Amino acid sequence: MRSIGDTGISAPLYFMVSLAGFGCMNAVISARARIAAERAVGWNRQLRLTPLSTRNYFRTKVLTGYVMALSSLMLLYIAGSTLGVRLSAGHWLHMTVFILIGLIPFAVLGILLGHLLNVDSIGPSIGGITALFSILGGIWFPITSGVMHDLAQALPSYWLVQASHVGLGGNGWGTRGWIVDGLWTATLAVRAYRRDTGRA
């Protein structure tokens, strides 16, 4: 089976791992585009008249985004296996768990964008934002040194890449990755919560 350069890593494995981060990030953010449509028809106002709490509302939105991401991930795993990707059960599980954790800030970002943007602008905006995160986070090419590397390490997309690279023999991430993901998640969650409770 053909490998990437002299790495010994098979092409199907390399591309499966690369697409895992990108595909899941797009899936979990795009799933929240529906919020903009719900706002446009007044559905959010109707929800506020029900006993549904803001906390449960956010949980539901995050969970539905994860369903989309998991569907994409499973299809990608099936395609990779069909093309000859072979990993131990431990590697599959380790990679999947890290990817799901790495998606948390993007799930919250999707909710925030759904509250900030209208139906017409959310599609192009999500495309631009995910493309920017992908490039600066090193999804399409490795970023290993210099100013770009320092910038990449401050982005959740960089740590999502490290999560998917568990399939290539990586270890996920250390303390810095947890801190970056935690800060992004907390900051975006606060903004999303304020937008929702502010009836934006």
# chains A, B, ... in the order shown; residues from 1 in each chain; ligands from 1

call {"tool": "residues_around", "arguments": {"residues": "Trp173 of chain A", "least_positions_apart": "6", "cutoff": "12 Å", "atoms": "only C-alpha atoms", "output": "list of chain:residue names"}}
result
A:His94, A:Met95, A:Phe98, A:Ile99, A:Ile101, A:Gly102, A:Gln153, A:Pro156, A:Tyr158, A:Trp159, A:Leu160, A:Val161, A:Gln162, A:Ala163, A:Ser164, A:His165, A:Val166, A:Ile179, A:Val180, A:Asp181

call {"tool": "residues_around", "arguments": {"residues": "Arg55 of chain A", "least_positions_apart": "4", "cutoff": "10 Å", "atoms": "only C-alpha atoms", "output": "list in words"}}
result
Arg59, Thr60 and Tyr193 of chain A

call {"tool": "residues_around", "arguments": {"residues": "Lys61 of chain A", "least_positions_apart": "4", "cutoff": "12 Å", "atoms": "only C-alpha atoms", "output": "list in words"}}
result
Val28, Ile29, Ser30, Ala31, Arg32, Ala33, Arg34, Ile35, Thr54, Arg55, Asn56, Tyr57, Gly65, Tyr66, Val67, Met68, Ile104, Phe106, Ala107, Val108, Leu109, Gly110, Ile111, Leu112, Gly114 and Ala192 of chain A

call {"tool": "residues_around", "arguments": {"residues": "Thr130 of chain A", "least_positions_apart": "4", "cutoff": "12 Å", "atoms": "only C-alpha atoms", "output": "PyMOL selection string"}}
result
chain A and resi 21-30+106+109-110+122-126+134-139+155-157

call {"tool": "select_by_dssp", "arguments": {"residues": "segment 27-131 of chain A", "states": "alpha helix (DSSP H)", "output": "ChimeraX atom specification"}}
result
/A:27-30,34-40,43-48,54-82,89-102,104-116,119-131
